[in-house]
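*Asks:* Sharing entry_24.txt below, compact mmCIF, C-alpha atoms:
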# COMPACT_ATOMS: atom_id res chain seq x y z
CA MET A 216 8.91 6.00 -1.00
CA ASN A 217 10.24 2.72 0.39
CA ASN A 218 9.75 1.87 4.05
CA ALA A 219 7.05 4.50 4.54
CA GLU A 220 3.39 4.05 5.32
CA LEU A 221 0.61 6.64 5.47
CA ILE A 222 -2.11 5.82 7.97
CA VAL A 223 -5.09 8.16 7.93
CA GLY A 224 -7.28 8.63 10.97
CA GLU A 225 -7.66 10.20 14.37
CA VAL A 226 -7.98 7.20 16.68
CA PHE A 227 -5.94 4.10 15.83
CA GLU A 228 -7.29 0.83 17.25
CA ASP A 229 -4.38 -1.22 15.87
CA LEU A 230 -1.72 1.08 17.32
CA PRO A 231 -0.03 -1.61 19.47
CA ALA A 232 0.65 -3.76 16.39
CA LEU A 233 1.70 -0.77 14.28
CA LEU A 234 4.21 0.44 16.87
CA ASN A 235 5.72 -2.93 17.76
CA GLN A 236 7.35 -3.86 14.48
CA PRO A 237 10.15 -6.42 15.02
CA GLY A 238 13.57 -4.93 14.41
CA TYR A 239 12.50 -1.29 14.90
CA ARG A 240 12.50 1.24 17.75
CA ALA A 241 9.33 3.38 17.67
CA ARG A 242 9.87 7.11 18.24
CA LEU A 243 7.54 10.08 17.93
CA LEU A 244 8.84 13.11 16.01
CA PHE A 245 7.16 15.79 18.08
CA PRO A 246 8.41 18.52 20.44
CA ALA A 247 8.65 17.87 24.17
CA ASP A 248 10.92 19.02 26.98
CA ASP A 249 12.42 15.52 27.22
CA ALA A 250 12.68 14.91 23.45
CA GLN A 251 16.08 13.65 22.33
CA PRO A 252 17.76 15.30 19.34
CA LEU A 253 17.57 13.07 16.28
CA GLN A 254 20.98 11.64 15.35
CA ALA A 255 22.42 9.52 12.57
CA TYR A 256 22.22 5.79 13.20
CA ALA A 257 25.07 4.03 14.92
CA GLU A 258 25.93 0.81 13.08
CA THR A 259 24.76 -1.36 15.98
CA GLU A 260 21.37 0.34 16.46
CA GLU A 261 18.04 -0.91 15.25
CA PRO A 262 16.45 1.53 12.81
CA LEU A 263 13.72 3.87 13.98
CA LEU A 264 10.07 3.44 13.26
CA LEU A 265 9.55 7.20 13.09
CA VAL A 266 5.97 8.28 13.75
CA VAL A 267 5.18 11.75 12.40
CA PRO A 268 1.70 13.14 13.12
CA ASP A 269 0.35 15.29 10.29
CA GLY A 270 -2.07 18.16 10.70
CA THR A 271 -2.16 21.54 12.33
CA TRP A 272 -0.33 21.75 15.66
CA ARG A 273 -3.69 21.76 17.43
CA LYS A 274 -4.88 18.69 15.49
CA ALA A 275 -1.61 16.83 16.14
CA ARG A 276 -1.87 17.50 19.89
CA LYS A 277 -5.48 16.25 19.82
CA MET A 278 -4.31 13.09 18.04
CA LEU A 279 -1.80 12.45 20.84
CA HIS A 280 -4.49 13.07 23.46
CA LEU A 281 -6.82 10.56 21.77
CA ASN A 282 -4.05 7.94 21.45
CA PRO A 283 -2.24 7.66 24.81
CA LEU A 284 0.03 4.91 23.47
CA LEU A 285 1.21 7.30 20.76
CA ALA A 286 1.71 10.11 23.29
CA ALA A 287 3.75 7.75 25.51
CA LEU A 288 6.34 7.00 22.82
CA PRO A 289 9.84 8.34 23.45
CA ARG A 290 10.11 11.60 21.52
CA VAL A 291 12.75 12.84 19.17
CA THR A 292 13.18 16.34 17.87
CA LEU A 293 15.02 18.12 15.08
CA ALA A 294 17.99 20.42 15.45
CA GLN A 295 17.13 23.98 16.45
CA GLY A 296 17.12 26.74 13.89
CA GLY A 297 15.15 25.15 11.06
CA VAL A 298 13.36 27.76 8.96
CA SER A 299 10.14 26.79 7.22
CA ARG A 300 9.69 27.45 3.52
CA TYR A 301 5.92 27.52 4.02
CA ARG A 302 5.52 31.26 3.59
CA LEU A 303 1.73 31.09 3.51
CA ARG A 304 1.22 30.08 7.12
CA LYS A 305 2.38 31.65 10.32
CA ALA A 306 4.48 29.22 12.33
CA PRO A 307 3.43 28.78 15.96
CA GLY A 308 7.00 29.38 17.04
CA PRO A 309 10.61 29.47 15.88
CA GLY A 310 11.78 26.27 14.25
CA ALA A 311 8.25 25.03 13.49
CA LEU A 312 8.20 23.20 10.17
CA SER A 313 5.49 21.72 7.99
CA THR A 314 5.18 17.93 8.15
CA VAL A 315 6.98 17.33 4.85
CA GLU A 316 9.82 19.66 5.86
CA ALA A 317 10.20 17.85 9.20
CA ILE A 318 10.26 14.46 7.46
CA VAL A 319 12.89 15.64 4.98
CA GLN A 320 15.05 17.09 7.75
CA ALA A 321 14.70 13.88 9.80
CA LEU A 322 15.69 11.73 6.82
CA GLN A 323 18.66 13.98 6.10
CA VAL A 324 19.90 13.30 9.65
CA LEU A 325 19.10 9.58 9.80
CA GLU A 326 20.23 8.66 6.31
CA ALA A 327 23.21 11.02 5.87
CA PRO A 328 24.84 11.62 3.44
CA SER A 329 21.79 10.89 1.24
CA SER A 330 19.82 13.96 0.17
CA PHE A 331 16.04 14.08 0.41
CA GLU A 332 15.69 17.66 -0.88
CA PRO A 333 13.84 16.45 -4.03
CA LEU A 334 10.90 15.56 -1.77
CA LEU A 335 10.38 19.29 -1.23
CA ARG A 336 9.95 20.16 -4.93
CA PRO A 337 6.19 19.45 -5.05
CA PHE A 338 5.78 21.36 -1.77
CA GLU A 339 7.60 24.39 -3.20
CA ALA A 340 5.58 24.17 -6.43
CA LEU A 341 2.37 24.15 -4.37
CA ILE A 342 3.46 27.29 -2.50
CA GLU A 343 4.46 29.08 -5.71
CA GLY A 344 1.13 28.11 -7.30
CA GLN A 345 -0.82 29.46 -4.34
CA ILE A 346 1.14 32.73 -4.41
CA ALA A 347 0.57 33.07 -8.16
CA ALA A 348 -3.17 32.43 -7.72
CA MET A 349 -3.55 35.12 -5.06
CA GLY A 350 -1.28 37.60 -6.83
CA GLU A 351 2.00 39.05 -5.59
CA GLU A 352 0.34 42.17 -4.14
CA VAL A 353 -2.09 40.16 -1.99
CA PHE A 354 0.74 37.82 -0.93
CA GLN A 355 2.97 40.71 0.13
CA ARG A 356 0.13 42.43 1.99
CA ASN A 357 -0.85 39.28 3.92
CA HIS A 358 2.37 37.28 4.19
CA GLY A 359 5.25 39.63 3.40
CA PRO A 360 7.76 40.98 5.90
CA ARG A 361 6.29 43.02 8.74
Translate the structure described by the file into structure tokens.
*Replies:*
Amino acid sequence: MNNAELIVGEVFEDLPALLNQPGYRARLLFPADDAQPLQAYAETEEPLLLVVPDGTWRKARKMLHLNPLLAALPRVTLAQGGVSRYRLRKAPGPGALSTVEAIVQALQVLEAPSSFEPLLRPFEALIEGQIAAMGEEVFQRNHGPR
């Protein structure tokens, strides 16, 4: 994917340089009471440098705790009502999405009318493969409707 970079780690020593890219406004895609809803770009705005922590919710919160500069970024959030396709994990709350789902939804907003749905195909194939490996009966017993 163009204009995307994966940085693996827990503590990021070079965070100031990573977040201060000329021509971009750094924002953290992560819930907060003061998070602004993500909106399509206005023609006069600089594009976002969208930082998306990946990991469990607990791990992502720990990452923010260990990187105060990251935690201090202005936060943006997705529209309410998103429903995760990740049927194998219990969401911590309504509207909680996996990282790839959140990225796709963010791109759909920022880059409208472009569609980023194809990015979810490998994710859906992974879920279907996991369900097939465990068997439908086990899936229904552990993850089906309650």
*Asks:* Fewer than 2 positions away in the same chain doesn't count, so skip those; otherwise give me all residues within 12 Å of Ile222 (chain A), counting all atoms listed in the file, as a count of residues only.
*Replies:* 14
*Asks:* For the point (7.7, 13.6, 9.9) in the file's frame, write as number ranges by chain all residues with an atom no more than 10 Å away, counting all atoms listed in the file.
*Replies:* A: 243-245, 265-269, 312-322
*Asks:* From the set A:Ala348, A:Leu334, A:Leu341, A:Ala241, which residue has the shortest atom-to-atom contact distance to Ala287 (chain A), counting all atoms listed in the file?
*Replies:*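 Comparing A:Ala348, A:Leu334, A:Leu341, A:Ala241 against Ala287 (chain A), the winner is A:Ala241.
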*Asks:* For the atom pair CA of Thr271 (chain A) and CA of Ser330 (chain A), what is the interatomic distance in Å to one decimal place?
*Replies:* 26.2 Å
*Asks:* Counting all atoms listed in the file, which residue out of A:Ala247, A:Ala275, A:Ala257, A:Val324 sits closest to Pro289 (chain A)?
*Replies:* A:Ala247
*Asks:* With only C-alpha atoms as the atoms that count, which of A:Ala340, A:Ala250, A:Ala255, A:Leu234 lies nearest to Ala327 (chain A)?
*Replies:*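 Closest to Ala327 (chain A) of all the choices is A:Ala255.
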*Asks:* Report, in Å to a single decimal, how far apart CA of Leu285 (chain A) and CA of Arg273 (chain A) are.
*Replies:* 15.6 Å
*Asks:* Given all atoms listed in the file as the basis, pick out the residue of A:Leu335, A:Ile342, A:Met349, A:Leu253 nearest to Thr292 (chain A).
*Replies:*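 For Thr292 (chain A), the nearest of the candidates is A:Leu253.
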*Asks:* State, in Å with one decimal place, the distance from CA of His280 (chain A) to CA of Leu221 (chain A).
*Replies:*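 A separation of 19.8 Å between them.
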*Asks:* Using the structure block above, produce a file of region 279-294 of chain A that contains N, CA and C atoms, as a PDB file, in the first residue's frame.
*Replies:*
ATOM      1  N   LEU A 279       0.536   3.332  24.512  1.00  0.00           N
ATOM      2  CA  LEU A 279       0.341   4.768  24.707  1.00  0.00           C
ATOM      3  C   LEU A 279       0.971   5.218  26.020  1.00  0.00           C
ATOM      4  N   HIS A 280       0.856   4.384  27.054  1.00  0.00           N
ATOM      5  CA  HIS A 280       1.449   4.700  28.350  1.00  0.00           C
ATOM      6  C   HIS A 280       2.977   4.790  28.249  1.00  0.00           C
ATOM      7  N   LEU A 281       3.571   3.898  27.460  1.00  0.00           N
ATOM      8  CA  LEU A 281       5.030   3.859  27.322  1.00  0.00           C
ATOM      9  C   LEU A 281       5.567   4.937  26.382  1.00  0.00           C
ATOM     10  N   ASN A 282       4.687   5.553  25.606  1.00  0.00           N
ATOM     11  CA  ASN A 282       5.087   6.572  24.628  1.00  0.00           C
ATOM     12  C   ASN A 282       4.228   7.823  24.825  1.00  0.00           C
ATOM     13  N   PRO A 283       4.555   8.650  25.832  1.00  0.00           N
ATOM     14  CA  PRO A 283       3.723   9.816  26.140  1.00  0.00           C
ATOM     15  C   PRO A 283       3.500  10.743  24.940  1.00  0.00           C
ATOM     16  N   LEU A 284       4.483  10.843  24.056  1.00  0.00           N
ATOM     17  CA  LEU A 284       4.323  11.691  22.876  1.00  0.00           C
ATOM     18  C   LEU A 284       3.210  11.162  21.971  1.00  0.00           C
ATOM     19  N   LEU A 285       3.122   9.851  21.883  1.00  0.00           N
ATOM     20  CA  LEU A 285       2.054   9.213  21.104  1.00  0.00           C
ATOM     21  C   LEU A 285       0.704   9.457  21.779  1.00  0.00           C
ATOM     22  N   ALA A 286       0.656   9.283  23.081  1.00  0.00           N
ATOM     23  CA  ALA A 286      -0.587   9.484  23.839  1.00  0.00           C
ATOM     24  C   ALA A 286      -1.058  10.932  23.776  1.00  0.00           C
ATOM     25  N   ALA A 287      -0.130  11.876  23.584  1.00  0.00           N
ATOM     26  CA  ALA A 287      -0.478  13.297  23.572  1.00  0.00           C
ATOM     27  C   ALA A 287      -1.008  13.769  22.219  1.00  0.00           C
ATOM     28  N   LEU A 288      -0.912  12.932  21.190  1.00  0.00           N
ATOM     29  CA  LEU A 288      -1.416  13.343  19.876  1.00  0.00           C
ATOM     30  C   LEU A 288      -2.911  13.634  19.935  1.00  0.00           C
ATOM     31  N   PRO A 289      -3.379  14.609  19.146  1.00  0.00           N
ATOM     32  CA  PRO A 289      -4.828  14.782  19.036  1.00  0.00           C
ATOM     33  C   PRO A 289      -5.444  13.484  18.499  1.00  0.00           C
ATOM     34  N   ARG A 290      -6.578  13.110  19.051  1.00  0.00           N
ATOM     35  CA  ARG A 290      -7.186  11.833  18.668  1.00  0.00           C
ATOM     36  C   ARG A 290      -8.363  12.026  17.734  1.00  0.00           C
ATOM     37  N   VAL A 291      -8.484  11.047  16.850  1.00  0.00           N
ATOM     38  CA  VAL A 291      -9.643  10.985  15.968  1.00  0.00           C
ATOM     39  C   VAL A 291     -10.305   9.637  16.181  1.00  0.00           C
ATOM     40  N   THR A 292     -11.583   9.596  15.875  1.00  0.00           N
ATOM     41  CA  THR A 292     -12.347   8.379  16.080  1.00  0.00           C
ATOM     42  C   THR A 292     -13.239   8.132  14.878  1.00  0.00           C
ATOM     43  N   LEU A 293     -13.734   6.925  14.772  1.00  0.00           N
ATOM     44  CA  LEU A 293     -14.608   6.530  13.675  1.00  0.00           C
ATOM     45  C   LEU A 293     -16.062   6.786  14.044  1.00  0.00           C
ATOM     46  N   ALA A 294     -16.900   6.813  13.043  1.00  0.00           N
ATOM     47  CA  ALA A 294     -18.337   6.985  13.278  1.00  0.00           C
ATOM     48  C   ALA A 294     -18.845   5.855  14.161  1.00  0.00           C
TER      49      ALA A 294
END
